[in-house]
Amino acid sequence: FAITSQALNSSFQSMASTTSLARVTLTVLLVVITPSAVLQPLYHHRHHHDGAPVGVVEAQPLPVSYYSNGKGEPNYTSSPLPEALKAMPYACDDDCVSKLRFKAWEMQGNCTTCAFAWPATTVMANTTTSDIMGIVLYNGAFVDPRSYSVLASKLASRGVNVIVPVFPNDLATDCNGMTLEAVTNAFFPNVTAWMVAGHSYGGVGAGYAAAATLLCGGTSPRVVALGVIGSYIKDLLQCPETIPVPNFEGDDHLHAAVITGNRDLSMNLTNFVDNLNRLPVHTTFTSIIGGNHQQFGSYDPSGRSRDIDGNATISRDAQLNVTADALVRTLLHATKNNDISPRSLVDC
């Protein structure tokens with residue numbers, strides 16, 4: 001399907017009249033919207049014997065055996081590009097990252113060493129806060145976490161400490177925020193203001209991790225910002241039903257950066273629009289003209305036969321620079337608000 005900029009603008013105005021979205025900041029509106037192919041989710045629908053769907057049925061998670069060896073190793077994952085391997089903080093080959101996946105699976109989310117870390121390499125320019133800042137970056141589904149090393153390096157060069165966790169099966173599922181707490185305390189315990197961010201599936205996982213820390217009475221780490229990259233805030237089928245779906249509507253403490261590419265054909269546009277009301281009051285939207293889905297990471301997309309993406313008209317480096325700038329800008333703004341305390345807005 002296609003949606004025009006006029007239709008999207010109407011959607012924003014309609015929602016703004018009934019929700020706190022009226023106070024959301026729009027720095028760049030999506031001015032070019034192309035037909036969006038739905039990224040194949042990790043669930044299946046019931047079909048007739050000839051393959052035709054049987055109406056609308058409730059989605060169910062796929063069995064782990066469909067995409068994994070059952071011990072944290074995915075049957076398929078997109079490999080990092082050479083420049084991503086070069087940007088790693090230390091050499092870690094395929095066997096190395098497989099061992100980290102297994103350990104993350106074995107520790108059930110409480111692994112303090114299952115991550116890669118980039119210390120800030122410079123003092124942030126024009127800093128108006130005494131906070132030491134950090135970003136935890138969650139990978140997209142079935143994308144090797146090393147594929148986000150280039151973005152991590154760019155963030156570190158802007159004065160931010162960065163962590164990229166390694167998840168079992170390369171699925172950034174952090175329903176209760178346990179991984180977020182484990183890696184932040186282990187790698188950068190001196191950081192006083194965190195953003196949790198994620199690309200694609202990782203953006204959904206980041207929403208859960210932030211909610212677990214902010215909305216469920218958690219105290220560590222101090223999350224002040226959320227980064228949603230080519231993604232949205234919604235329910236995650238891999239999380240137990242007892243864990244509430246993240247909803248930051250009306251939250252005027254947390255800041256969020258929502259970053260998209262106008263040539264992204266992988267992001268589910270329906271999910272994006274339908275869940276805008278879950279975002280906090282202080283949300284900034286950035287649409288990268290010419291950017292697509294895969295260039296938010298540095299991975300080889302060949303073999304992802306179920307994914308459809310548009311052809312980028314800007315370089316990967318340019319897209320990652322805009323992404324890094326938008327994330328850091330939001331994190332910096334968030335640190336100016338010192339009232340970032342646990343808020344029991346949902347029943348956990």
# chains A, B, ... in the order shown; residues from 1 in each chain; ligands from 1
$ select_by_dssp --residues "stretch 243-333 of chain A" --states "strand (DSSP E or B)" --output "PDB file with N, CA and C atoms, in the first residue's frame"
ATOM      1  N   HIS A 255      13.178  11.309  26.972  1.00  0.00           N
ATOM      2  CA  HIS A 255      13.284  11.865  25.626  1.00  0.00           C
ATOM      3  C   HIS A 255      13.479  10.722  24.633  1.00  0.00           C
ATOM      4  N   ALA A 256      12.993  10.882  23.414  1.00  0.00           N
ATOM      5  CA  ALA A 256      13.133   9.827  22.412  1.00  0.00           C
ATOM      6  C   ALA A 256      13.534  10.416  21.072  1.00  0.00           C
ATOM      7  N   ALA A 257      14.378   9.664  20.357  1.00  0.00           N
ATOM      8  CA  ALA A 257      14.735   9.986  18.978  1.00  0.00           C
ATOM      9  C   ALA A 257      14.194   8.876  18.095  1.00  0.00           C
ATOM     10  N   VAL A 258      13.338   9.223  17.147  1.00  0.00           N
ATOM     11  CA  VAL A 258      12.822   8.261  16.174  1.00  0.00           C
ATOM     12  C   VAL A 258      13.462   8.605  14.834  1.00  0.00           C
ATOM     13  N   ILE A 259      14.227   7.662  14.295  1.00  0.00           N
ATOM     14  CA  ILE A 259      15.020   7.920  13.088  1.00  0.00           C
ATOM     15  C   ILE A 259      14.612   6.936  12.005  1.00  0.00           C
ATOM     16  N   THR A 260      14.256   7.450  10.839  1.00  0.00           N
ATOM     17  CA  THR A 260      13.845   6.607   9.723  1.00  0.00           C
ATOM     18  C   THR A 260      14.568   7.035   8.458  1.00  0.00           C
ATOM     19  N   GLY A 261      14.526   6.167   7.455  1.00  0.00           N
ATOM     20  CA  GLY A 261      15.016   6.497   6.120  1.00  0.00           C
ATOM     21  C   GLY A 261      13.834   6.508   5.170  1.00  0.00           C
ATOM     22  N   HIS A 282       8.426  14.196  24.714  1.00  0.00           N
ATOM     23  CA  HIS A 282       9.597  14.808  24.076  1.00  0.00           C
ATOM     24  C   HIS A 282      10.220  13.837  23.079  1.00  0.00           C
ATOM     25  N   THR A 283       9.566  13.696  21.933  1.00  0.00           N
ATOM     26  CA  THR A 283      10.046  12.820  20.871  1.00  0.00           C
ATOM     27  C   THR A 283      10.404  13.650  19.655  1.00  0.00           C
ATOM     28  N   THR A 284      11.576  13.407  19.117  1.00  0.00           N
ATOM     29  CA  THR A 284      12.031  14.093  17.913  1.00  0.00           C
ATOM     30  C   THR A 284      12.103  13.093  16.762  1.00  0.00           C
ATOM     31  N   PHE A 285      11.472  13.431  15.635  1.00  0.00           N
ATOM     32  CA  PHE A 285      11.473  12.575  14.453  1.00  0.00           C
ATOM     33  C   PHE A 285      12.498  13.099  13.444  1.00  0.00           C
ATOM     34  N   THR A 286      13.341  12.209  12.954  1.00  0.00           N
ATOM     35  CA  THR A 286      14.296  12.562  11.908  1.00  0.00           C
ATOM     36  C   THR A 286      14.141  11.586  10.755  1.00  0.00           C
ATOM     37  N   SER A 287      13.814  12.088   9.582  1.00  0.00           N
ATOM     38  CA  SER A 287      13.746  11.256   8.383  1.00  0.00           C
ATOM     39  C   SER A 287      14.963  11.548   7.521  1.00  0.00           C
ATOM     40  N   ILE A 288      15.731  10.520   7.245  1.00  0.00           N
ATOM     41  CA  ILE A 288      16.948  10.683   6.448  1.00  0.00           C
ATOM     42  C   ILE A 288      16.580  10.504   4.978  1.00  0.00           C
ATOM     43  N   TYR A 299      26.116  -4.404   7.456  1.00  0.00           N
ATOM     44  CA  TYR A 299      26.049  -5.853   7.264  1.00  0.00           C
ATOM     45  C   TYR A 299      25.708  -6.195   5.825  1.00  0.00           C
TER      46      TYR A 299
END
$ residues_around --residues "A:Asn110" --least-positions-apart "3" --cutoff "6 Å" --atoms "only C-alpha atoms" --output "number ranges by chain"
A: 107, 179, 182
$ write_last_selection --atoms "C-alpha atoms" --output "mmCIF file, in the first residue's frame"
data_model
loop_
_atom_site.group_PDB
_atom_site.id
_atom_site.type_symbol
_atom_site.label_atom_id
_atom_site.label_comp_id
_atom_site.auth_asym_id
_atom_site.auth_seq_id
_atom_site.Cartn_x
_atom_site.Cartn_y
_atom_site.Cartn_z
ATOM 1 C CA MET A 107 23.224 -16.935 31.441
ATOM 2 C CA THR A 179 20.675 -7.480 29.850
ATOM 3 C CA ALA A 182 24.032 -6.348 33.430
#
$ closest_residue --among "A:Thr113, A:Gly177, A:Asn161, A:Pro145" --to "A:Asp93" --atoms "only C-alpha atoms"
A:Pro145
$ residues_around --residues "A:Gly202" --least-positions-apart "6" --cutoff "10 Å" --atoms "only C-alpha atoms" --output "VMD selection string"
chain A and resid 137 to 141 143 170 to 174 196 208 227 to 232
$ closest_residue --among "A:Ser78, A:Asn169, A:Asn185, A:Ser315" --to "A:Glu106" --atoms "only C-alpha atoms"
A:Asn169
$ select_by_dssp --residues "stretch 245-346 of chain A" --states "alpha helix (DSSP H)" --output "list of chain:residue names"
A:Leu269, A:Thr270, A:Asn271, A:Phe272, A:Val273, A:Asp274, A:Arg316, A:Asp317, A:Ala318, A:Gln319, A:Leu320, A:Asn321, A:Val322, A:Thr323, A:Ala324, A:Asp325, A:Ala326, A:Leu327, A:Val328, A:Arg329, A:Thr330, A:Leu331, A:Leu332, A:His333, A:Ala334, A:Thr335
$ residues_around --residues "A:Ala324" --least-positions-apart "5" --cutoff "9 Å" --atoms "only C-alpha atoms" --output "list in words"
Leu151, Ala152, Lys154, Leu155, Arg158, Gln319 and Arg329 of chain A
$ residues_around --residues "A:Thr192" --least-positions-apart "3" --cutoff "10 Å" --atoms "only C-alpha atoms" --output "ChimeraX atom specification"
/A:130-134,188-189,220-224,335
$ residues_around --residues "A:Thr77" --least-positions-apart "2" --cutoff "12 Å" --atoms "only C-alpha atoms" --output "PyMOL selection string"
chain A and resi 67-68+72-75+79-80+94+97-98+139-147+168-171+299-305
$ closest_residue --among "A:Trp105, A:Leu180, A:Ile243, A:Tyr90" --to "A:Gly70" --atoms "only C-alpha atoms"
A:Trp105
$ closest_residue --among "A:Met195, A:Pro280, A:Thr213, A:Leu85" --to "A:Asn176" --atoms "only C-alpha atoms"
A:Thr213
$ closest_residue --among "A:Ala225, A:Val136, A:Cys175, A:Ala156" --to "A:Thr121" --atoms "only C-alpha atoms"
A:Ala156
$ closest_residue --among "A:Val162, A:Val123, A:Leu265, A:Ala212" --to "A:Ser200" --atoms "only C-alpha atoms"
A:Leu265
